[in-house]
Amino acid sequence: MWVFPLLAAVVAGVFAGLVAGQYVSRRRPYQLAWAIALAMYAAASLAIVFGVAGGWTTGEFGTFWALGAVLNVPFLAGGELMLLVRNRTVQAAIWITLVFLTAYTISVLRGAAFDAVALAEELPSGKHVFGDGSAAHRLPQLISIPSYLVLLGGALWSAWRMRGRPERRERFTGTLMIALGATVIAGFGSAFAALGLLAAFSLSLAVGISAMFAGFLWAGRSSTPAPASASAEVP
């Protein structure tokens, strides 16, 4: 069941490359945060591919847990906040927070004990690998869930501001698709992972990131003629 995670890795990698290209040409901080988040998602998906296909190692599960279960969501949420709040002081505070969360996650995982018996499962549970209630097990609850709520709220707020504006119809639809994709991953994907349902979890990874990518591409469409220099951009 490694095909869907591989597909998710490919889609996320292409997605990350396009957003990184926008950052190189436009130098907007939220694009950098999103590119980093998508690259993390791609790397986490590849870790799942290797773990499922060849058996999980501590390195593979640690990579999946850090980049997929914990850190990519706050980087997406941070990018959303940077898009909504165009203030350099606020953006600097967001970057400092993201660096802190990254350092904290790495520190916790470096000190965590990985249960070898749990890693032998087809889709190991963080609860079993790290121990119920341990610091490593609680990282997603502490970091990912609040970040998802920020991301979802920001996306819905952006969509609300664009409602009823024909020239923003594509961005409105694309933003909702991105929010839907993030919900598939953070909501359904996390639930399937916790239950050890590999097939459903793997499918949710591919479906969720594909919906987000489709939303990104759809948001880049223009309802009105745009200057020749304009290019697709996540709303």
# chains A, B, ... in the order shown; residues from 1 in each chain; ligands from 1
>>> residues_around(residues="segment 14-31 of chain A", least_positions_apart="3", cutoff="7 Å", atoms="only C-alpha atoms", output="number ranges by chain")
A: 10-11, 34-35, 38-39, 79-80, 82-83, 213
>>> atom_distance(atom1="atom CA of Gly215 of chain A", atom2="atom CA of Trp157 of chain A")
15.8 Å
>>> select_by_dssp(residues="segment 36-218 of chain A", states="alpha helix (DSSP H)", output="ChimeraX atom specification")
/A:36-54,58-63,72-84,88-110,116-119,126-130,139,145-162,169-183,190-195,198-218
>>> write_last_selection(atoms="C-alpha atoms", output="compact mmCIF listing (two decimals), in the first residue's frame")
# COMPACT_ATOMS: atom_id res chain seq x y z
CA ILE A 36 8.84 24.43 3.28
CA ALA A 37 5.61 22.85 4.55
CA LEU A 38 4.96 21.10 1.24
CA ALA A 39 8.55 19.85 1.06
CA MET A 40 8.06 18.43 4.56
CA TYR A 41 4.89 16.69 3.40
CA ALA A 42 6.73 15.17 0.45
CA ALA A 43 9.55 13.93 2.69
CA ALA A 44 7.09 12.49 5.23
CA SER A 45 5.21 10.69 2.46
CA LEU A 46 8.46 9.18 1.18
CA ALA A 47 9.25 8.00 4.71
CA ILE A 48 5.89 6.20 4.70
CA VAL A 49 6.74 4.60 1.35
CA PHE A 50 10.00 3.20 2.70
CA GLY A 51 8.44 2.20 6.02
CA VAL A 52 5.56 0.32 4.45
CA ALA A 53 7.61 -1.27 1.68
CA GLY A 54 10.65 -2.33 3.68
CA THR A 58 13.38 4.65 13.89
CA GLY A 59 14.69 7.12 11.30
CA GLU A 60 11.77 6.60 8.94
CA PHE A 61 9.12 6.80 11.64
CA GLY A 62 10.83 9.80 13.24
CA THR A 63 10.87 11.58 9.88
CA ASN A 72 4.14 20.75 8.16
CA VAL A 73 0.80 22.02 9.52
CA PRO A 74 2.23 24.93 11.57
CA PHE A 75 4.27 26.03 8.56
CA LEU A 76 1.10 26.03 6.44
CA ALA A 77 -0.74 27.93 9.18
CA GLY A 78 2.15 30.36 9.58
CA GLY A 79 2.09 31.05 5.87
CA GLU A 80 -1.65 31.69 6.03
CA LEU A 81 -1.14 34.19 8.86
CA MET A 82 1.65 35.93 6.94
CA LEU A 83 -0.70 36.25 3.96
CA LEU A 84 -3.46 37.76 6.08
CA ARG A 88 6.95 42.67 9.23
CA THR A 89 6.97 42.53 13.02
CA VAL A 90 4.15 39.99 13.07
CA GLN A 91 5.81 37.96 10.32
CA ALA A 92 9.11 37.95 12.21
CA ALA A 93 7.27 36.69 15.30
CA ILE A 94 5.71 33.91 13.22
CA TRP A 95 9.12 32.83 11.89
CA ILE A 96 10.56 32.81 15.42
CA THR A 97 7.63 30.66 16.56
CA LEU A 98 8.14 28.23 13.67
CA VAL A 99 11.85 27.93 14.42
CA PHE A 100 11.06 27.30 18.09
CA LEU A 101 8.46 24.63 17.26
CA THR A 102 10.92 22.93 14.93
CA ALA A 103 13.70 22.93 17.53
CA TYR A 104 11.32 21.72 20.23
CA THR A 105 10.03 18.87 18.05
CA ILE A 106 13.54 17.74 17.16
CA SER A 107 14.61 17.91 20.81
CA VAL A 108 11.63 15.84 21.98
CA LEU A 109 12.11 13.19 19.31
CA ARG A 110 15.86 12.93 19.94
CA ALA A 116 10.73 -1.93 18.40
CA VAL A 117 7.65 -4.14 18.70
CA ALA A 118 5.35 -1.26 17.70
CA LEU A 119 7.59 -0.41 14.74
CA GLY A 126 2.58 7.05 17.72
CA LYS A 127 0.76 6.03 20.88
CA HIS A 128 2.36 2.59 20.74
CA VAL A 129 5.76 3.65 19.41
CA PHE A 130 6.38 6.43 21.94
CA LEU A 139 3.36 16.62 19.86
CA ILE A 145 -4.25 20.48 15.95
CA PRO A 146 -4.11 24.18 16.99
CA SER A 147 -2.18 24.94 13.79
CA TYR A 148 -4.83 23.20 11.67
CA LEU A 149 -7.54 25.32 13.30
CA VAL A 150 -5.55 28.47 12.47
CA LEU A 151 -5.04 27.28 8.88
CA LEU A 152 -8.70 26.40 8.41
CA GLY A 153 -9.91 29.62 9.98
CA GLY A 154 -7.57 31.70 7.84
CA ALA A 155 -8.58 29.94 4.63
CA LEU A 156 -12.29 30.31 5.41
CA TRP A 157 -11.78 33.97 6.28
CA SER A 158 -9.99 34.53 2.98
CA ALA A 159 -12.83 32.82 1.13
CA TRP A 160 -15.41 34.88 3.02
CA ARG A 161 -13.72 38.11 1.98
CA MET A 162 -13.85 37.03 -1.68
CA ARG A 169 -14.49 33.48 -8.21
CA GLU A 170 -11.59 31.17 -9.08
CA ARG A 171 -9.62 32.18 -6.00
CA PHE A 172 -12.71 31.72 -3.84
CA THR A 173 -13.23 28.18 -5.16
CA GLY A 174 -9.52 27.36 -5.01
CA THR A 175 -9.26 28.52 -1.40
CA LEU A 176 -12.15 26.28 -0.37
CA MET A 177 -10.53 23.34 -2.18
CA ILE A 178 -7.29 23.95 -0.29
CA ALA A 179 -9.21 24.04 3.02
CA LEU A 180 -11.00 20.81 2.07
CA GLY A 181 -7.73 19.08 1.21
CA ALA A 182 -6.15 20.15 4.48
CA THR A 183 -9.18 18.79 6.33
CA SER A 190 -4.99 11.47 11.36
CA ALA A 191 -7.99 9.40 12.44
CA PHE A 192 -7.14 6.58 10.04
CA ALA A 193 -3.51 6.61 11.21
CA ALA A 194 -4.55 6.42 14.86
CA LEU A 195 -6.76 3.41 14.04
CA LEU A 198 -3.18 1.79 6.32
CA ALA A 199 -5.25 1.67 3.12
CA ALA A 200 -7.57 4.50 4.19
CA PHE A 201 -4.69 6.54 5.61
CA SER A 202 -2.62 6.14 2.44
CA LEU A 203 -5.56 7.14 0.24
CA SER A 204 -6.28 10.21 2.37
CA LEU A 205 -2.69 11.39 1.94
CA ALA A 206 -2.99 11.32 -1.85
CA VAL A 207 -6.55 12.69 -2.01
CA GLY A 208 -5.88 15.51 0.45
CA ILE A 209 -2.72 16.87 -1.17
CA SER A 210 -4.24 16.45 -4.64
CA ALA A 211 -7.24 18.54 -3.57
CA MET A 212 -4.91 21.22 -2.21
CA PHE A 213 -2.86 21.20 -5.41
CA ALA A 214 -6.01 21.41 -7.53
CA GLY A 215 -7.14 24.35 -5.40
CA PHE A 216 -3.78 26.04 -5.92
CA LEU A 217 -4.03 25.63 -9.70
CA TRP A 218 -7.67 26.70 -9.77
>>> closest_residue(among="A:Val184, A:Val70, A:Leu123, A:Leu7", to="Leu142 of chain A", atoms="only C-alpha atoms")
A:Val70
>>> atom_distance(atom1="atom CA of Ala9 of chain A", atom2="atom CA of Gly111 of chain A")
27.8 Å
>>> atom_distance(atom1="atom CA of Leu71 of chain A", atom2="atom CA of Ala33 of chain A")
11.2 Å
>>> decode(residues="segment 38-73 of chain A", atoms="N, CA and C atoms", output="PDB file, in the first residue's frame")
ATOM      1  N   LEU A  38       5.242  22.090   2.276  1.00  0.00           N
ATOM      2  CA  LEU A  38       4.958  21.096   1.239  1.00  0.00           C
ATOM      3  C   LEU A  38       6.150  20.160   1.026  1.00  0.00           C
ATOM      4  N   ALA A  39       7.354  20.699   1.142  1.00  0.00           N
ATOM      5  CA  ALA A  39       8.545  19.847   1.057  1.00  0.00           C
ATOM      6  C   ALA A  39       8.567  18.863   2.227  1.00  0.00           C
ATOM      7  N   MET A  40       8.164  19.320   3.405  1.00  0.00           N
ATOM      8  CA  MET A  40       8.062  18.428   4.561  1.00  0.00           C
ATOM      9  C   MET A  40       7.050  17.318   4.291  1.00  0.00           C
ATOM     10  N   TYR A  41       5.930  17.678   3.706  1.00  0.00           N
ATOM     11  CA  TYR A  41       4.886  16.690   3.403  1.00  0.00           C
ATOM     12  C   TYR A  41       5.408  15.648   2.430  1.00  0.00           C
ATOM     13  N   ALA A  42       6.151  16.102   1.426  1.00  0.00           N
ATOM     14  CA  ALA A  42       6.730  15.174   0.454  1.00  0.00           C
ATOM     15  C   ALA A  42       7.707  14.218   1.128  1.00  0.00           C
ATOM     16  N   ALA A  43       8.568  14.761   1.986  1.00  0.00           N
ATOM     17  CA  ALA A  43       9.554  13.926   2.685  1.00  0.00           C
ATOM     18  C   ALA A  43       8.871  12.935   3.626  1.00  0.00           C
ATOM     19  N   ALA A  44       7.826  13.382   4.328  1.00  0.00           N
ATOM     20  CA  ALA A  44       7.093  12.493   5.229  1.00  0.00           C
ATOM     21  C   ALA A  44       6.409  11.372   4.453  1.00  0.00           C
ATOM     22  N   SER A  45       5.864  11.705   3.286  1.00  0.00           N
ATOM     23  CA  SER A  45       5.214  10.689   2.459  1.00  0.00           C
ATOM     24  C   SER A  45       6.215   9.662   1.959  1.00  0.00           C
ATOM     25  N   LEU A  46       7.414  10.125   1.605  1.00  0.00           N
ATOM     26  CA  LEU A  46       8.457   9.181   1.182  1.00  0.00           C
ATOM     27  C   LEU A  46       8.871   8.277   2.333  1.00  0.00           C
ATOM     28  N   ALA A  47       8.921   8.820   3.543  1.00  0.00           N
ATOM     29  CA  ALA A  47       9.252   8.000   4.709  1.00  0.00           C
ATOM     30  C   ALA A  47       8.217   6.894   4.883  1.00  0.00           C
ATOM     31  N   ILE A  48       6.948   7.212   4.614  1.00  0.00           N
ATOM     32  CA  ILE A  48       5.889   6.204   4.698  1.00  0.00           C
ATOM     33  C   ILE A  48       6.098   5.130   3.639  1.00  0.00           C
ATOM     34  N   VAL A  49       6.472   5.556   2.428  1.00  0.00           N
ATOM     35  CA  VAL A  49       6.735   4.599   1.348  1.00  0.00           C
ATOM     36  C   VAL A  49       7.790   3.589   1.778  1.00  0.00           C
ATOM     37  N   PHE A  50       8.902   4.086   2.289  1.00  0.00           N
ATOM     38  CA  PHE A  50       9.998   3.201   2.702  1.00  0.00           C
ATOM     39  C   PHE A  50       9.591   2.348   3.906  1.00  0.00           C
ATOM     40  N   GLY A  51       8.855   2.934   4.838  1.00  0.00           N
ATOM     41  CA  GLY A  51       8.444   2.200   6.021  1.00  0.00           C
ATOM     42  C   GLY A  51       7.496   1.070   5.701  1.00  0.00           C
ATOM     43  N   VAL A  52       6.546   1.339   4.819  1.00  0.00           N
ATOM     44  CA  VAL A  52       5.564   0.323   4.449  1.00  0.00           C
ATOM     45  C   VAL A  52       6.191  -0.751   3.566  1.00  0.00           C
ATOM     46  N   ALA A  53       7.037  -0.321   2.643  1.00  0.00           N
ATOM     47  CA  ALA A  53       7.610  -1.271   1.676  1.00  0.00           C
ATOM     48  C   ALA A  53       8.700  -2.143   2.285  1.00  0.00           C
ATOM     49  N   GLY A  54       9.502  -1.582   3.176  1.00  0.00           N
ATOM     50  CA  GLY A  54      10.646  -2.334   3.684  1.00  0.00           C
ATOM     51  C   GLY A  54      10.698  -2.536   5.173  1.00  0.00           C
ATOM     52  N   GLY A  55       9.682  -2.112   5.892  1.00  0.00           N
ATOM     53  CA  GLY A  55       9.710  -2.217   7.339  1.00  0.00           C
ATOM     54  C   GLY A  55      10.191  -0.913   7.956  1.00  0.00           C
ATOM     55  N   TRP A  56       9.560  -0.514   9.047  1.00  0.00           N
ATOM     56  CA  TRP A  56       9.855   0.774   9.657  1.00  0.00           C
ATOM     57  C   TRP A  56      11.139   0.748  10.485  1.00  0.00           C
ATOM     58  N   THR A  57      11.937   1.792  10.320  1.00  0.00           N
ATOM     59  CA  THR A  57      13.090   2.030  11.174  1.00  0.00           C
ATOM     60  C   THR A  57      12.791   3.252  12.036  1.00  0.00           C
ATOM     61  N   THR A  58      13.601   3.474  13.050  1.00  0.00           N
ATOM     62  CA  THR A  58      13.385   4.653  13.889  1.00  0.00           C
ATOM     63  C   THR A  58      13.548   5.943  13.073  1.00  0.00           C
ATOM     64  N   GLY A  59      14.482   5.939  12.124  1.00  0.00           N
ATOM     65  CA  GLY A  59      14.691   7.123  11.299  1.00  0.00           C
ATOM     66  C   GLY A  59      13.495   7.429  10.424  1.00  0.00           C
ATOM     67  N   GLU A  60      12.917   6.403   9.816  1.00  0.00           N
ATOM     68  CA  GLU A  60      11.766   6.602   8.939  1.00  0.00           C
ATOM     69  C   GLU A  60      10.545   7.053   9.726  1.00  0.00           C
ATOM     70  N   PHE A  61      10.293   6.397  10.859  1.00  0.00           N
ATOM     71  CA  PHE A  61       9.123   6.795  11.641  1.00  0.00           C
ATOM     72  C   PHE A  61       9.323   8.180  12.251  1.00  0.00           C
ATOM     73  N   GLY A  62      10.549   8.471  12.701  1.00  0.00           N
ATOM     74  CA  GLY A  62      10.826   9.796  13.245  1.00  0.00           C
ATOM     75  C   GLY A  62      10.638  10.886  12.207  1.00  0.00           C
ATOM     76  N   THR A  63      11.052  10.613  10.962  1.00  0.00           N
ATOM     77  CA  THR A  63      10.870  11.579   9.879  1.00  0.00           C
ATOM     78  C   THR A  63       9.393  11.794   9.594  1.00  0.00           C
ATOM     79  N   PHE A  64       8.651  10.694   9.498  1.00  0.00           N
ATOM     80  CA  PHE A  64       7.207  10.791   9.271  1.00  0.00           C
ATOM     81  C   PHE A  64       6.523  11.561  10.386  1.00  0.00           C
ATOM     82  N   TRP A  65       6.890  11.249  11.631  1.00  0.00           N
ATOM     83  CA  TRP A  65       6.230  11.885  12.769  1.00  0.00           C
ATOM     84  C   TRP A  65       6.557  13.372  12.838  1.00  0.00           C
ATOM     85  N   ALA A  66       7.832  13.703  12.671  1.00  0.00           N
ATOM     86  CA  ALA A  66       8.248  15.105  12.789  1.00  0.00           C
ATOM     87  C   ALA A  66       7.699  15.960  11.653  1.00  0.00           C
ATOM     88  N   LEU A  67       7.885  15.498  10.419  1.00  0.00           N
ATOM     89  CA  LEU A  67       7.525  16.325   9.260  1.00  0.00           C
ATOM     90  C   LEU A  67       6.075  16.190   8.851  1.00  0.00           C
ATOM     91  N   GLY A  68       5.519  14.980   9.017  1.00  0.00           N
ATOM     92  CA  GLY A  68       4.152  14.759   8.574  1.00  0.00           C
ATOM     93  C   GLY A  68       3.117  14.968   9.661  1.00  0.00           C
ATOM     94  N   ALA A  69       3.358  14.420  10.839  1.00  0.00           N
ATOM     95  CA  ALA A  69       2.360  14.485  11.912  1.00  0.00           C
ATOM     96  C   ALA A  69       2.425  15.788  12.705  1.00  0.00           C
ATOM     97  N   VAL A  70       3.580  16.460  12.681  1.00  0.00           N
ATOM     98  CA  VAL A  70       3.747  17.618  13.562  1.00  0.00           C
ATOM     99  C   VAL A  70       4.013  18.929  12.815  1.00  0.00           C
ATOM    100  N   LEU A  71       5.099  19.025  12.051  1.00  0.00           N
ATOM    101  CA  LEU A  71       5.607  20.332  11.637  1.00  0.00           C
ATOM    102  C   LEU A  71       5.026  20.937  10.364  1.00  0.00           C
ATOM    103  N   ASN A  72       4.575  20.124   9.418  1.00  0.00           N
ATOM    104  CA  ASN A  72       4.136  20.755   8.160  1.00  0.00           C
ATOM    105  C   ASN A  72       2.891  21.619   8.361  1.00  0.00           C
ATOM    106  N   VAL A  73       2.028  21.245   9.301  1.00  0.00           N
ATOM    107  CA  VAL A  73       0.800  22.024   9.523  1.00  0.00           C
ATOM    108  C   VAL A  73       1.089  23.416  10.081  1.00  0.00           C
TER     109      VAL A  73
END
